[in-house]
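Worksheet: one structure, shown below.
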Amino acid sequence: MAHTSPSAYEANERLPEPPREPLSILIADEHAAFRAGIKAALEADGFDLVGEAAGAASAVAAAVRLRPDICLVDAALPGNGLNAVSAIARRSPATTIVVLAASSNSAGVLAAFERGASGYLLKETMPGELAKTLRAAHLGEPALSRAMVPALIDHVRRRPQRRLILAGSPVELTGREWDVAELLRDGLTTLEIAERLALSPVTVRRHAASMVRKLGTPDREAAVRVLKLSGSQSR
């Protein structure tokens with residue numbers, strides 16, 4: 001019997017996958033032993049560790065200098081991990097930022113995403129799952145530990161909206177818009193509000209602008225006057 005050559009399709013099926021381009025990564029965590037463990041696990045999975053940092057200021061400086069594909073930032077990083085996230089997102093916008101935390105904190109998750117993070121994972125995440133999740137995050141998929149999802153959904157559902165009655169018509173503000181509005185009414189500046197709410201100044205300005213637009217006022221000052229004069233009720 002004549003030998004039948006395999007089809008081109010069958011031959012292609014046996015070809016090995018092309019090697020993946022290694023993703024460069026910066027690890028920012030106070031503890032050298034933890035950094036070493038993450039480094040070993042990710043390098044074994046094909047990542048290229050380009051830098052380490054033990055504090056917020058050094059993490060931002062390294063990210064700006066090295067422009068890594070991914071930056072892992074400890075939520076409890078000395079010098080304020082969330083501030084580091086904001087600065088890295090602003091100064092190295094092509095870097096995917098993923099926050100690592102020792103425990104689940106739904107408010108911290110929201111703050112991290114608002115400041116520019118693309119993921120929030122527990123430190124107990126298994127190495128193989130961490131590598132897979134980081135690659136997905138770099139491609140634009142949200143990275144969130146499954147254990148955090150129920151608490152996060154509950155937190156979002158519980159965030160109240162507030163209804164202002166203006167000239168007989170209701171105006172609804174989101175929970176975060178109302179947070180910003182109340183602090184503006186108390187006389188705080190954008191930077192002070194950002195610090196109080198653990199947000200970036202850009203995010204505070206965005207919420208303030210949305211609040212001003214909903215109230216139909218020309219600027220913040222006019223909006224604050226309306227808030228001081230109006231009655232409100234929770235929805």
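Labels for the structure tokens follow display order: chains A, B, ..., residues from 1 in each chain, ligands from 1.
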Write out as a PyMOL selection string each polymer residue whose atoms come within 10 Å of Ser103 (chain A), counting only C-alpha atoms; drop sequence neighbours fewer than 4 positions from it. chain A and resi 75+121-124+147-148
Just the residues within 7 Å of Ile27 (chain A), please, counting only C-alpha atoms, with nothing from its chain fewer than 2 positions along; format it as a ChimeraX atom specification. /A:25,29,35,51-53,71-73
Would you please extract all strand (DSSP E) residues from region 26-117 of chain A, as assigned by DSSP on the backbone, and give them as a PyMOL selection string? chain A and resi 26-28+48-53+70-74+96-101
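Within 6 Å of Arg115 (chain A), once only C-alpha atoms are used and residues closer than 5 positions along the same chain are dropped, the contacting residues are Ser86, Leu199 and Ser200 of chain A.
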Filtering to C-alpha atoms, could you give me those residues as a PDB file, in the first residue's frame?
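Below you can see selection-v4.pdb, which holds the result:
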ATOM      1  CA  SER A  86      -1.771  56.896  40.819  1.00  0.00           C
ATOM      2  CA  LEU A 199      -8.500  58.929  44.964  1.00  0.00           C
ATOM      3  CA  SER A 200      -6.369  60.652  42.373  1.00  0.00           C
TER       4      SER A 200
END
Computed interatomic separation between CA of Pro127 (chain A) and CA of Ala41 (chain A) (Å): 5.8 Å
A:Ser104, A:Asn80, A:Thr133, A:Thr95 ranked by distance to Ala63 (chain A), top pick (using only C-alpha atoms):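 Comparing A:Ser104, A:Asn80, A:Thr133, A:Thr95 against Ala63 (chain A), the winner is A:Thr95.
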Find, counting only C-alpha atoms, the residue in A:Ile70, A:Ala143, A:Ala209, A:Ala56 that gets nearest to Ser24 (chain A). A:Ile70
Need to verify the contact set: Lys228 (chain A), 9 Å, only C-alpha atoms, exclusion of same-chain residues closer than 4 positions in sequence. Can you return it as a PyMOL selection string? chain A and resi 185+223-224
Report as JSON, numbers by chain all protein, DNA and RNA residues lying within 12 Å of Asn83 (chain A), evaluated on only C-alpha atoms, omitting residues in the same chain fewer than 4 positions from it. {"A": [55, 56, 57, 59, 60, 73, 74, 75, 76, 77, 78, 79, 87, 88, 89, 90, 99, 111, 112, 114, 115, 116, 117, 194, 195, 197, 198, 199, 200, 201]}
Suppose we keep N, CA and C atoms; can you now write the selection as a PDB file, in the first residue's frame?
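Written out: out31.pdb:
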ATOM      1  N   GLY A  55       9.514  50.670  48.437  1.00  0.00           N
ATOM      2  CA  GLY A  55       8.710  51.794  48.890  1.00  0.00           C
ATOM      3  C   GLY A  55       8.023  52.475  47.731  1.00  0.00           C
ATOM      4  N   ALA A  56       7.060  53.340  48.049  1.00  0.00           N
ATOM      5  CA  ALA A  56       6.271  53.990  47.011  1.00  0.00           C
ATOM      6  C   ALA A  56       7.115  54.878  46.104  1.00  0.00           C
ATOM      7  N   ALA A  57       7.967  55.718  46.689  1.00  0.00           N
ATOM      8  CA  ALA A  57       8.765  56.645  45.882  1.00  0.00           C
ATOM      9  C   ALA A  57       9.701  55.902  44.944  1.00  0.00           C
ATOM     10  N   ALA A  59       9.312  52.872  43.861  1.00  0.00           N
ATOM     11  CA  ALA A  59       8.515  52.150  42.869  1.00  0.00           C
ATOM     12  C   ALA A  59       8.157  53.055  41.699  1.00  0.00           C
ATOM     13  N   VAL A  60       7.735  54.280  42.006  1.00  0.00           N
ATOM     14  CA  VAL A  60       7.384  55.236  40.944  1.00  0.00           C
ATOM     15  C   VAL A  60       8.613  55.563  40.105  1.00  0.00           C
ATOM     16  N   VAL A  73       2.225  46.029  42.685  1.00  0.00           N
ATOM     17  CA  VAL A  73       2.362  46.981  43.788  1.00  0.00           C
ATOM     18  C   VAL A  73       1.648  46.457  45.022  1.00  0.00           C
ATOM     19  N   ASP A  74       2.369  46.364  46.126  1.00  0.00           N
ATOM     20  CA  ASP A  74       1.768  45.972  47.395  1.00  0.00           C
ATOM     21  C   ASP A  74       0.830  47.075  47.874  1.00  0.00           C
ATOM     22  N   ALA A  75      -0.400  46.707  48.244  1.00  0.00           N
ATOM     23  CA  ALA A  75      -1.367  47.704  48.720  1.00  0.00           C
ATOM     24  C   ALA A  75      -0.857  48.432  49.957  1.00  0.00           C
ATOM     25  N   ALA A  76      -0.036  47.735  50.771  1.00  0.00           N
ATOM     26  CA  ALA A  76       0.481  48.325  52.009  1.00  0.00           C
ATOM     27  C   ALA A  76       1.914  48.822  51.845  1.00  0.00           C
ATOM     28  N   LEU A  77       2.303  49.153  50.638  1.00  0.00           N
ATOM     29  CA  LEU A  77       3.661  49.614  50.367  1.00  0.00           C
ATOM     30  C   LEU A  77       3.983  50.858  51.192  1.00  0.00           C
ATOM     31  N   PRO A  78       5.132  50.884  51.890  1.00  0.00           N
ATOM     32  CA  PRO A  78       5.498  52.083  52.654  1.00  0.00           C
ATOM     33  C   PRO A  78       5.523  53.323  51.768  1.00  0.00           C
ATOM     34  N   GLY A  79       4.940  54.403  52.267  1.00  0.00           N
ATOM     35  CA  GLY A  79       4.848  55.614  51.465  1.00  0.00           C
ATOM     36  C   GLY A  79       3.530  55.735  50.742  1.00  0.00           C
ATOM     37  N   ALA A  87       0.543  57.582  40.656  1.00  0.00           N
ATOM     38  CA  ALA A  87       1.694  58.207  39.995  1.00  0.00           C
ATOM     39  C   ALA A  87       2.187  57.367  38.826  1.00  0.00           C
ATOM     40  N   ILE A  88       2.226  56.057  38.993  1.00  0.00           N
ATOM     41  CA  ILE A  88       2.692  55.181  37.906  1.00  0.00           C
ATOM     42  C   ILE A  88       1.712  55.232  36.740  1.00  0.00           C
ATOM     43  N   ALA A  89       0.407  55.204  37.050  1.00  0.00           N
ATOM     44  CA  ALA A  89      -0.600  55.274  35.985  1.00  0.00           C
ATOM     45  C   ALA A  89      -0.478  56.567  35.199  1.00  0.00           C
ATOM     46  N   ARG A  90      -0.141  57.645  35.884  1.00  0.00           N
ATOM     47  CA  ARG A  90      -0.028  58.949  35.229  1.00  0.00           C
ATOM     48  C   ARG A  90       1.270  59.084  34.446  1.00  0.00           C
ATOM     49  N   VAL A  99      -2.383  45.400  41.788  1.00  0.00           N
ATOM     50  CA  VAL A  99      -2.153  45.547  43.225  1.00  0.00           C
ATOM     51  C   VAL A  99      -2.230  44.185  43.895  1.00  0.00           C
ATOM     52  N   ALA A 111     -10.830  51.738  45.268  1.00  0.00           N
ATOM     53  CA  ALA A 111      -9.866  52.838  45.250  1.00  0.00           C
ATOM     54  C   ALA A 111      -8.724  52.543  44.289  1.00  0.00           C
ATOM     55  N   ALA A 112      -8.253  51.294  44.276  1.00  0.00           N
ATOM     56  CA  ALA A 112      -7.146  50.924  43.388  1.00  0.00           C
ATOM     57  C   ALA A 112      -7.545  51.061  41.925  1.00  0.00           C
ATOM     58  N   GLU A 114      -9.934  52.948  40.733  1.00  0.00           N
ATOM     59  CA  GLU A 114     -10.155  54.358  40.441  1.00  0.00           C
ATOM     60  C   GLU A 114      -8.849  55.099  40.223  1.00  0.00           C
ATOM     61  N   ARG A 115      -7.783  54.624  40.848  1.00  0.00           N
ATOM     62  CA  ARG A 115      -6.486  55.285  40.713  1.00  0.00           C
ATOM     63  C   ARG A 115      -5.701  54.804  39.501  1.00  0.00           C
ATOM     64  N   GLY A 116      -6.184  53.784  38.807  1.00  0.00           N
ATOM     65  CA  GLY A 116      -5.524  53.369  37.579  1.00  0.00           C
ATOM     66  C   GLY A 116      -5.048  51.934  37.530  1.00  0.00           C
ATOM     67  N   ALA A 117      -5.292  51.151  38.585  1.00  0.00           N
ATOM     68  CA  ALA A 117      -4.887  49.747  38.572  1.00  0.00           C
ATOM     69  C   ALA A 117      -5.766  48.950  37.609  1.00  0.00           C
ATOM     70  N   ALA A 194      -8.832  64.311  47.487  1.00  0.00           N
ATOM     71  CA  ALA A 194      -8.154  63.131  46.951  1.00  0.00           C
ATOM     72  C   ALA A 194      -7.495  62.335  48.066  1.00  0.00           C
ATOM     73  N   GLU A 195      -6.835  63.030  48.972  1.00  0.00           N
ATOM     74  CA  GLU A 195      -6.173  62.358  50.090  1.00  0.00           C
ATOM     75  C   GLU A 195      -7.196  61.711  51.019  1.00  0.00           C
ATOM     76  N   LEU A 197     -10.265  60.654  50.376  1.00  0.00           N
ATOM     77  CA  LEU A 197     -11.012  59.547  49.771  1.00  0.00           C
ATOM     78  C   LEU A 197     -10.118  58.508  49.104  1.00  0.00           C
ATOM     79  N   ALA A 198      -8.795  58.706  49.184  1.00  0.00           N
ATOM     80  CA  ALA A 198      -7.839  57.788  48.539  1.00  0.00           C
ATOM     81  C   ALA A 198      -8.107  57.690  47.038  1.00  0.00           C
ATOM     82  N   LEU A 199      -8.292  58.846  46.403  1.00  0.00           N
ATOM     83  CA  LEU A 199      -8.500  58.929  44.964  1.00  0.00           C
ATOM     84  C   LEU A 199      -7.405  59.791  44.354  1.00  0.00           C
ATOM     85  N   SER A 200      -7.284  59.742  43.047  1.00  0.00           N
ATOM     86  CA  SER A 200      -6.369  60.652  42.373  1.00  0.00           C
ATOM     87  C   SER A 200      -7.074  62.000  42.187  1.00  0.00           C
ATOM     88  N   PRO A 201      -6.327  63.102  42.119  1.00  0.00           N
ATOM     89  CA  PRO A 201      -6.952  64.405  41.862  1.00  0.00           C
ATOM     90  C   PRO A 201      -7.766  64.418  40.569  1.00  0.00           C
TER      91      PRO A 201
END
Pick from A:Leu42, A:Ala94, A:Met126, A:Leu139 nearest to Val64 (chain A), counting only C-alpha atoms: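 Under the stated criterion, the closest residue is A:Ala94.
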As number ranges by chain, please: every residue in region 32-233 of chain A that DSSP puts in alpha helix (DSSP H). A: 32-44, 56-66, 81-91, 106-115, 127-138, 149-158, 175-185, 190-197, 201-215, 220-229
Find the residues around Leu215 (chain A) up to 10 Å (only C-alpha atoms counted), leave out those fewer than 3 positions away in its own chain, and share them as a short mmCIF file (atom, residue, chain, number, x, y, z; two decimals) with N, CA and C atoms, in the first residue's frame.
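Output contents, as saved in around.cif:
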data_model
loop_
_atom_site.label_atom_id
_atom_site.label_comp_id
_atom_site.auth_asym_id
_atom_site.auth_seq_id
_atom_site.Cartn_x
_atom_site.Cartn_y
_atom_site.Cartn_z
N LEU A 164 -31.33 64.93 45.46
CA LEU A 164 -31.55 66.32 45.84
C LEU A 164 -32.82 66.81 45.16
N LEU A 166 -34.46 69.88 43.70
CA LEU A 166 -34.16 71.22 43.25
C LEU A 166 -35.34 71.73 42.41
N PRO A 170 -36.15 66.01 41.14
CA PRO A 170 -35.08 65.25 41.78
C PRO A 170 -33.82 65.22 40.93
N VAL A 171 -32.69 65.36 41.57
CA VAL A 171 -31.38 65.22 40.92
C VAL A 171 -30.61 64.16 41.71
N GLU A 172 -30.19 63.09 41.04
CA GLU A 172 -29.53 61.99 41.73
C GLU A 172 -28.03 62.04 41.54
N LEU A 173 -27.30 61.93 42.64
CA LEU A 173 -25.85 61.85 42.63
C LEU A 173 -25.43 60.46 43.06
N ALA A 209 -16.97 67.43 38.31
CA ALA A 209 -17.53 67.93 37.05
C ALA A 209 -18.88 67.28 36.76
N SER A 210 -19.00 65.98 37.06
CA SER A 210 -20.27 65.28 36.85
C SER A 210 -21.33 65.84 37.78
N MET A 211 -20.95 66.12 39.03
CA MET A 211 -21.89 66.69 39.99
C MET A 211 -22.36 68.07 39.54
N VAL A 212 -21.43 68.90 39.08
CA VAL A 212 -21.78 70.24 38.59
C VAL A 212 -22.74 70.14 37.40
N PRO A 218 -23.00 76.58 36.77
CA PRO A 218 -21.88 76.93 35.89
C PRO A 218 -20.52 76.48 36.40
N ASP A 219 -20.39 76.32 37.73
CA ASP A 219 -19.09 75.93 38.28
C ASP A 219 -19.27 75.32 39.66
N ARG A 220 -18.14 74.91 40.26
CA ARG A 220 -18.18 74.27 41.58
C ARG A 220 -18.76 75.19 42.65
N ALA A 222 -20.87 77.58 42.49
CA ALA A 222 -22.33 77.67 42.40
C ALA A 222 -22.98 76.37 42.87
N ALA A 223 -22.35 75.25 42.52
CA ALA A 223 -22.88 73.95 42.96
C ALA A 223 -22.86 73.84 44.47
N VAL A 224 -21.78 74.31 45.10
CA VAL A 224 -21.68 74.26 46.57
C VAL A 224 -22.77 75.11 47.20
N VAL A 226 -25.68 75.72 45.94
CA VAL A 226 -26.94 74.99 45.78
C VAL A 226 -27.04 73.89 46.83
N LEU A 227 -25.95 73.18 47.06
CA LEU A 227 -25.96 72.09 48.04
C LEU A 227 -26.24 72.62 49.45
#
